[in-house]
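**Student:** One structure is given below, represented as structure tokens, and several questions about it will come after.
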Amino acid sequence: MEKHIDLHLHTCFSDGIYTPEQVAIAAKEMNLSAISLTDHDTIEGCLHLSKACNKRGIEFVNGTELSVDIEGNEMHLLGYFLDVNNKKLIKETSEYQQNRINRINELVGQLNKIGVNLEAKKVFELANCKAPGRPHLARALVKYGFCKSNNEAFTRFLRKGSPAWIPKKNADYREGIDLIHHAGGLAIMAHPGLNKIDNLIPKLIDAGLDGLECWHTRHPKSTTKRYQEMAKKYNLLVTGGSDCHGAEHGDPAIGTKRVPYEILEKMKQRLHRTSFNNLMS
């Protein structure tokens with residue numbers, strides 16, 4: 001029987017709904033052989049999900065999803081096989097998290113200016129994590145009666161160009177790639193089909209990008225194929241996952257993108273070759 005993996009998952013340690021335990025249970029129900037936790041700008045949940053997976057015989061890969069900027073465009077970098085005890089990784093992800101906290105305060109300030117009297121502390125209480133984001137703010141707007149749904153909150157207030165919009169301060173893409181490598185990991189461009197910056201992928205490769213996330217629930221088959229061909233052209237790894245945040249978002253369930261286990265094996269091979277070459281240099 002073919003084995004499958006899901007390398008793009010979120011928990012309540014960022015803007016996901018599920019606890020690590022619930023993610024592990026769902027992964028087991030989907031007969032997944034391996035998963036990775038890629039919470040936004042944090043590695044805090046990795047130890048918890050690793051333990052939950054170990055109890056169920058599921059292979060676990062430490063990961064994160066870093067927000068970075070490239071030529072004025074925000075993009076996300078997936079980091080895999082990270083040493084979660086790496087001091088630089090811990091320090092710099094805490095700075096990423098502070099950027100998120102600052103942005104929530106600024107967004108709430110903008111909302112207050114246009115008559116939406118929501119308190120920032122209510123958002124942080126609801127988020128209950130170190131990496132709060134706009135989804136938490138959207139939930140707070142619904143909870144306290146300012147909007148009827150998360151979609152309405154984003155449409156009216158939180159999307160780019162809307163009245164409360166404030167861009168987030170992000171690290172430079174080169175810093176993000178270097179941080180992932182410093183922590184012993186592989187740096188992958190998340191959901192490239194959503195970014196519309198294919199022309200900048202060569203710059204990412206020059207900076208050390210290791211691969212492209214080809215399988216994603218918002219990538220049709222034609223998009224997956226296009227990025228697979230691009231990865232082959234540039235000798236990049238290919239990865240994939242559901243990008244599941246939980247049912248509240250209307251997100252697809254864990255494991256709905258059937259990514260073959262051999263993808264993870266190729267990632268390990270690349271990682272081992274890189275480690276060996278570094279030792280020999």
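Labels used: A, B, ... for chains in the order of the structure tokens, numbers from 1 for residues in each chain, and numbers from 1 for ligands as shown.
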Using DSSP secondary structure from the backbone, list all strand (DSSP E or B) positions within segment 110-193 of chain A, as a ChimeraX atom specification.

**Tutor:** /A:171-172,186-189

**Student:** Enter the distance from atom CA of Ala247 of chain A to atom CA of Thr42 of chain A, in Å, rounded to one decimal.

**Tutor:**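 Rounded to one decimal, the two atoms are 21.4 Å apart.
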
**Student:** What are the nearest atom pairs, with distances in Å to one decimal, for all residues of segment 23-131 of chain A that come at most 8 Å from segment 159-179 of chain A, using only C-alpha atoms, set out by chain and rising residue number as CSV?

**Tutor:**
```
residue,atom,partner,partner_atom,distance
A:Leu66,CA,A:Gly176,CA,6.9
A:Ser67,CA,A:Asn170,CA,6.0
A:Val68,CA,A:Ala171,CA,4.9
A:Asp69,CA,A:Asp172,CA,5.1
A:Ile70,CA,A:Tyr173,CA,5.7
A:Glu74,CA,A:Asn170,CA,7.7
A:Leu77,CA,A:Gly176,CA,7.3
A:Lys88,CA,A:Leu179,CA,7.5
A:Leu89,CA,A:Leu179,CA,6.5
A:Tyr96,CA,A:Asn170,CA,7.2
A:Asn99,CA,A:Lys169,CA,6.1
A:Arg100,CA,A:Lys168,CA,7.1
A:Arg103,CA,A:Lys168,CA,6.0
A:Glu106,CA,A:Ile166,CA,6.9
A:Leu107,CA,A:Ala164,CA,5.9
A:Val108,CA,A:Ala164,CA,7.8
A:Gln110,CA,A:Ala164,CA,5.0
A:Leu111,CA,A:Ala164,CA,5.5
A:Ile114,CA,A:Pro163,CA,7.8
```

**Student:** Take the residues from that selection and put them in a file with N, CA and C atoms, as a tab-separated table (two decimals), in the first residue's frame.

**Tutor:**
```tsv
chain	number	residue	atom	x	y	z
A	66	LEU	N	7.71	30.73	7.78
A	66	LEU	CA	8.19	32.07	8.06
A	66	LEU	C	7.64	33.07	7.05
A	67	SER	N	7.22	34.23	7.54
A	67	SER	CA	6.77	35.32	6.67
A	67	SER	C	7.97	36.18	6.31
A	68	VAL	N	8.24	36.33	5.03
A	68	VAL	CA	9.38	37.13	4.57
A	68	VAL	C	8.94	38.03	3.42
A	69	ASP	N	9.79	39.01	3.12
A	69	ASP	CA	9.53	39.93	2.01
A	69	ASP	C	10.58	39.75	0.92
A	70	ILE	N	10.14	39.85	-0.32
A	70	ILE	CA	11.05	39.87	-1.45
A	70	ILE	C	10.56	40.93	-2.43
A	74	GLU	N	5.11	39.97	0.08
A	74	GLU	CA	5.18	39.00	1.17
A	74	GLU	C	5.09	37.59	0.60
A	77	LEU	N	7.98	31.05	3.65
A	77	LEU	CA	9.02	30.03	3.53
A	77	LEU	C	8.72	28.91	4.51
A	88	LYS	N	19.66	30.61	17.66
A	88	LYS	CA	19.36	31.67	16.71
A	88	LYS	C	17.92	31.54	16.20
A	89	LEU	N	17.48	30.32	15.95
A	89	LEU	CA	16.11	30.10	15.49
A	89	LEU	C	15.11	30.55	16.55
A	96	TYR	N	10.03	37.55	14.98
A	96	TYR	CA	8.92	37.45	14.03
A	96	TYR	C	7.59	37.57	14.77
A	99	ASN	N	6.73	41.07	15.72
A	99	ASN	CA	6.18	41.78	14.56
A	99	ASN	C	4.68	41.53	14.43
A	100	ARG	N	4.27	40.30	14.70
A	100	ARG	CA	2.86	39.96	14.63
A	100	ARG	C	2.06	40.68	15.72
A	103	ARG	N	1.67	44.26	14.84
A	103	ARG	CA	0.69	44.48	13.78
A	103	ARG	C	-0.74	44.40	14.30
A	106	GLU	N	-1.54	47.63	15.80
A	106	GLU	CA	-1.74	48.65	14.78
A	106	GLU	C	-3.08	48.48	14.06
A	107	LEU	N	-3.43	47.23	13.75
A	107	LEU	CA	-4.71	46.96	13.10
A	107	LEU	C	-5.88	47.38	13.99
A	108	VAL	N	-5.78	47.04	15.27
A	108	VAL	CA	-6.85	47.43	16.20
A	108	VAL	C	-6.92	48.95	16.31
A	110	GLN	N	-6.27	51.05	13.94
A	110	GLN	CA	-6.97	51.51	12.74
A	110	GLN	C	-8.47	51.26	12.85
A	111	LEU	N	-8.84	50.10	13.38
A	111	LEU	CA	-10.26	49.80	13.56
A	111	LEU	C	-10.91	50.81	14.50
A	114	ILE	N	-11.89	54.08	12.91
A	114	ILE	CA	-13.07	54.10	12.04
A	114	ILE	C	-14.33	53.66	12.79
```

**Student:** Provide the atom CA of Trp215 of chain A to atom CA of Leu37 of chain A distance in Å, to one decimal place.

**Tutor:**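 Result for atom CA of Trp215 of chain A versus atom CA of Leu37 of chain A: 16.1 Å, one decimal.
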
**Student:** Please list as a list in words every residue within 10 Å of Pro20 of chain A, counting only C-alpha atoms and excluding residues in the same chain fewer than 6 positions away.

**Tutor:** Leu9, His10, Thr11, Cys12, Phe13, Ala26, Leu37, Gly45, Cys46, Leu47, His48, Leu49, Ser50, Lys51, Ala52 and Cys53 of chain A

**Student:** Using all heavy atoms, can you export the residues from the last selection as an mmCIF file, in the first residue's frame?

**Tutor:**
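Full text of out20.cif as output:
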```
data_model
loop_
_atom_site.group_PDB
_atom_site.id
_atom_site.type_symbol
_atom_site.label_atom_id
_atom_site.label_comp_id
_atom_site.auth_asym_id
_atom_site.auth_seq_id
_atom_site.Cartn_x
_atom_site.Cartn_y
_atom_site.Cartn_z
ATOM 1 N N LEU A 9 0.811 21.829 7.912
ATOM 2 C CA LEU A 9 -0.269 21.788 8.886
ATOM 3 C C LEU A 9 -0.094 22.881 9.936
ATOM 4 O O LEU A 9 1.023 23.285 10.253
ATOM 5 C CB LEU A 9 -0.300 20.425 9.587
ATOM 6 C CG LEU A 9 -0.573 19.212 8.686
ATOM 7 C CD1 LEU A 9 -0.321 17.920 9.453
ATOM 8 C CD2 LEU A 9 -2.005 19.247 8.165
ATOM 9 N N HIS A 10 -1.227 23.341 10.478
ATOM 10 C CA HIS A 10 -1.209 24.387 11.498
ATOM 11 C C HIS A 10 -2.000 23.954 12.727
ATOM 12 O O HIS A 10 -2.940 23.163 12.625
ATOM 13 C CB HIS A 10 -1.802 25.678 10.936
ATOM 14 C CG HIS A 10 -1.014 26.239 9.801
ATOM 15 N ND1 HIS A 10 0.074 27.057 9.981
ATOM 16 C CD2 HIS A 10 -1.142 26.075 8.450
ATOM 17 C CE1 HIS A 10 0.585 27.383 8.809
ATOM 18 N NE2 HIS A 10 -0.134 26.794 7.856
ATOM 19 N N THR A 11 -1.593 24.484 13.882
ATOM 20 C CA THR A 11 -2.286 24.195 15.135
ATOM 21 C C THR A 11 -2.622 25.496 15.854
ATOM 22 O O THR A 11 -2.353 26.594 15.358
ATOM 23 C CB THR A 11 -1.417 23.341 16.087
ATOM 24 O OG1 THR A 11 -0.304 24.142 16.541
ATOM 25 C CG2 THR A 11 -0.925 22.072 15.414
ATOM 26 N N CYS A 12 -3.155 25.359 17.060
ATOM 27 C CA CYS A 12 -3.516 26.516 17.880
ATOM 28 C C CYS A 12 -2.286 27.277 18.372
ATOM 29 O O CYS A 12 -2.428 28.326 19.010
ATOM 30 C CB CYS A 12 -4.367 26.072 19.067
ATOM 31 S SG CYS A 12 -3.587 24.819 20.110
ATOM 32 N N PHE A 13 -1.085 26.791 18.072
ATOM 33 C CA PHE A 13 0.117 27.548 18.423
ATOM 34 C C PHE A 13 0.357 28.687 17.435
ATOM 35 O O PHE A 13 1.215 29.535 17.664
ATOM 36 C CB PHE A 13 1.332 26.629 18.508
ATOM 37 C CG PHE A 13 1.374 25.841 19.793
ATOM 38 C CD1 PHE A 13 0.785 24.591 19.873
ATOM 39 C CD2 PHE A 13 1.968 26.365 20.922
ATOM 40 C CE1 PHE A 13 0.794 23.866 21.060
ATOM 41 C CE2 PHE A 13 1.988 25.660 22.112
ATOM 42 C CZ PHE A 13 1.394 24.400 22.188
ATOM 43 N N ALA A 26 -6.184 13.083 13.795
ATOM 44 C CA ALA A 26 -6.684 13.186 12.421
ATOM 45 C C ALA A 26 -5.717 12.564 11.429
ATOM 46 O O ALA A 26 -6.130 11.911 10.463
ATOM 47 C CB ALA A 26 -6.926 14.650 12.068
ATOM 48 N N LEU A 37 4.623 19.949 11.218
ATOM 49 C CA LEU A 37 3.923 21.119 11.723
ATOM 50 C C LEU A 37 4.617 22.364 11.211
ATOM 51 O O LEU A 37 5.815 22.554 11.426
ATOM 52 C CB LEU A 37 3.917 21.121 13.253
ATOM 53 C CG LEU A 37 3.238 22.329 13.904
ATOM 54 C CD1 LEU A 37 1.785 22.448 13.459
ATOM 55 C CD2 LEU A 37 3.324 22.251 15.421
ATOM 56 N N GLY A 45 4.967 24.588 18.865
ATOM 57 C CA GLY A 45 4.108 23.407 18.927
ATOM 58 C C GLY A 45 4.779 22.108 18.516
ATOM 59 O O GLY A 45 4.191 21.029 18.671
ATOM 60 N N CYS A 46 6.004 22.195 18.000
ATOM 61 C CA CYS A 46 6.645 21.004 17.431
ATOM 62 C C CYS A 46 6.849 19.891 18.458
ATOM 63 O O CYS A 46 6.589 18.721 18.174
ATOM 64 C CB CYS A 46 7.977 21.376 16.784
ATOM 65 S SG CYS A 46 7.798 22.266 15.224
ATOM 66 N N LEU A 47 7.335 20.240 19.633
ATOM 67 C CA LEU A 47 7.573 19.225 20.662
ATOM 68 C C LEU A 47 6.278 18.517 21.034
ATOM 69 O O LEU A 47 6.241 17.287 21.189
ATOM 70 C CB LEU A 47 8.206 19.859 21.902
ATOM 71 C CG LEU A 47 8.492 18.908 23.073
ATOM 72 C CD1 LEU A 47 9.471 17.815 22.652
ATOM 73 C CD2 LEU A 47 9.043 19.677 24.272
ATOM 74 N N HIS A 48 5.195 19.269 21.141
ATOM 75 C CA HIS A 48 3.897 18.698 21.510
ATOM 76 C C HIS A 48 3.396 17.730 20.438
ATOM 77 O O HIS A 48 2.931 16.627 20.755
ATOM 78 C CB HIS A 48 2.874 19.814 21.721
ATOM 79 C CG HIS A 48 3.255 20.788 22.788
ATOM 80 N ND1 HIS A 48 2.943 20.607 24.115
ATOM 81 C CD2 HIS A 48 3.940 21.963 22.725
ATOM 82 C CE1 HIS A 48 3.405 21.620 24.821
ATOM 83 N NE2 HIS A 48 4.013 22.459 24.002
ATOM 84 N N LEU A 49 3.482 18.150 19.165
ATOM 85 C CA LEU A 49 2.993 17.286 18.090
ATOM 86 C C LEU A 49 3.914 16.090 17.881
ATOM 87 O O LEU A 49 3.458 14.995 17.548
ATOM 88 C CB LEU A 49 2.835 18.078 16.790
ATOM 89 C CG LEU A 49 2.164 17.350 15.628
ATOM 90 C CD1 LEU A 49 0.885 16.633 16.043
ATOM 91 C CD2 LEU A 49 1.866 18.316 14.490
ATOM 92 N N SER A 50 5.206 16.277 18.098
ATOM 93 C CA SER A 50 6.142 15.164 17.990
ATOM 94 C C SER A 50 5.780 14.058 18.976
ATOM 95 O O SER A 50 5.760 12.867 18.624
ATOM 96 C CB SER A 50 7.570 15.657 18.260
ATOM 97 O OG SER A 50 8.485 14.580 18.221
ATOM 98 N N LYS A 51 5.469 14.434 20.207
ATOM 99 C CA LYS A 51 5.089 13.447 21.224
ATOM 100 C C LYS A 51 3.782 12.761 20.852
ATOM 101 O O LYS A 51 3.640 11.538 21.006
ATOM 102 C CB LYS A 51 4.957 14.127 22.585
ATOM 103 C CG LYS A 51 6.286 14.561 23.193
ATOM 104 C CD LYS A 51 6.064 15.254 24.538
ATOM 105 C CE LYS A 51 7.398 15.662 25.166
ATOM 106 N NZ LYS A 51 7.195 16.372 26.459
ATOM 107 N N ALA A 52 2.822 13.544 20.356
ATOM 108 C CA ALA A 52 1.521 12.978 19.978
ATOM 109 C C ALA A 52 1.662 12.012 18.808
ATOM 110 O O ALA A 52 0.979 10.978 18.750
ATOM 111 C CB ALA A 52 0.544 14.101 19.629
ATOM 112 N N CYS A 53 2.543 12.332 17.862
ATOM 113 C CA CYS A 53 2.780 11.455 16.718
ATOM 114 C C CYS A 53 3.512 10.184 17.143
ATOM 115 O O CYS A 53 3.217 9.084 16.659
ATOM 116 C CB CYS A 53 3.592 12.182 15.649
ATOM 117 S SG CYS A 53 2.641 13.402 14.722
#
```

**Student:** Pick the closest to Asn73 of chain A from A:Ile197, A:Lys130, A:Ser149, A:Ala253: which is it, counting only C-alpha atoms?

**Tutor:**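 Answer, going by the shortest atom-to-atom distance: A:Ile197.
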
**Student:** Using only C-alpha atoms, which residue out of A:Gly133, A:Gly79, A:Gly109, A:Gly16 lies closest to Gly185 of chain A?

**Tutor:** A:Gly79

**Student:** Can you build me a table of segment 95-190 of chain A residues sitting at most 7 Å from segment 200-212 of chain A, with the closest atom pair per residue and its distance in Å to one decimal, using only C-alpha atoms, sorted by chain and residue number, as CSV?

**Tutor:**
```
residue,atom,partner,partner_atom,distance
A:Arg174,CA,A:Ala207,CA,5.8
A:Ile177,CA,A:Gly208,CA,6.6
A:Leu186,CA,A:Asp210,CA,6.0
A:Ala187,CA,A:Asp210,CA,5.3
A:Ile188,CA,A:Gly211,CA,4.6
A:Met189,CA,A:Leu212,CA,4.9
A:Ala190,CA,A:Leu212,CA,6.6
```

**Student:** Enumerate the residues of segment 40-262 of chain A with a DSSP assignment of alpha helix (DSSP H), computed from the backbone, and present them as a VMD selection string.

**Tutor:** chain A and resid 46 to 56 87 to 113 120 to 127 134 to 143 150 to 153 173 to 182 192 to 195 201 to 206 221 to 234 262

**Student:** As a PyMOL selection string, please: the residues near segment 239-246 of chain A (cut-off 6 Å, only C-alpha atoms, same-chain neighbours under 6 positions excluded).

**Tutor:** chain A and resi 6-10+16-17+213-217+252+254+257
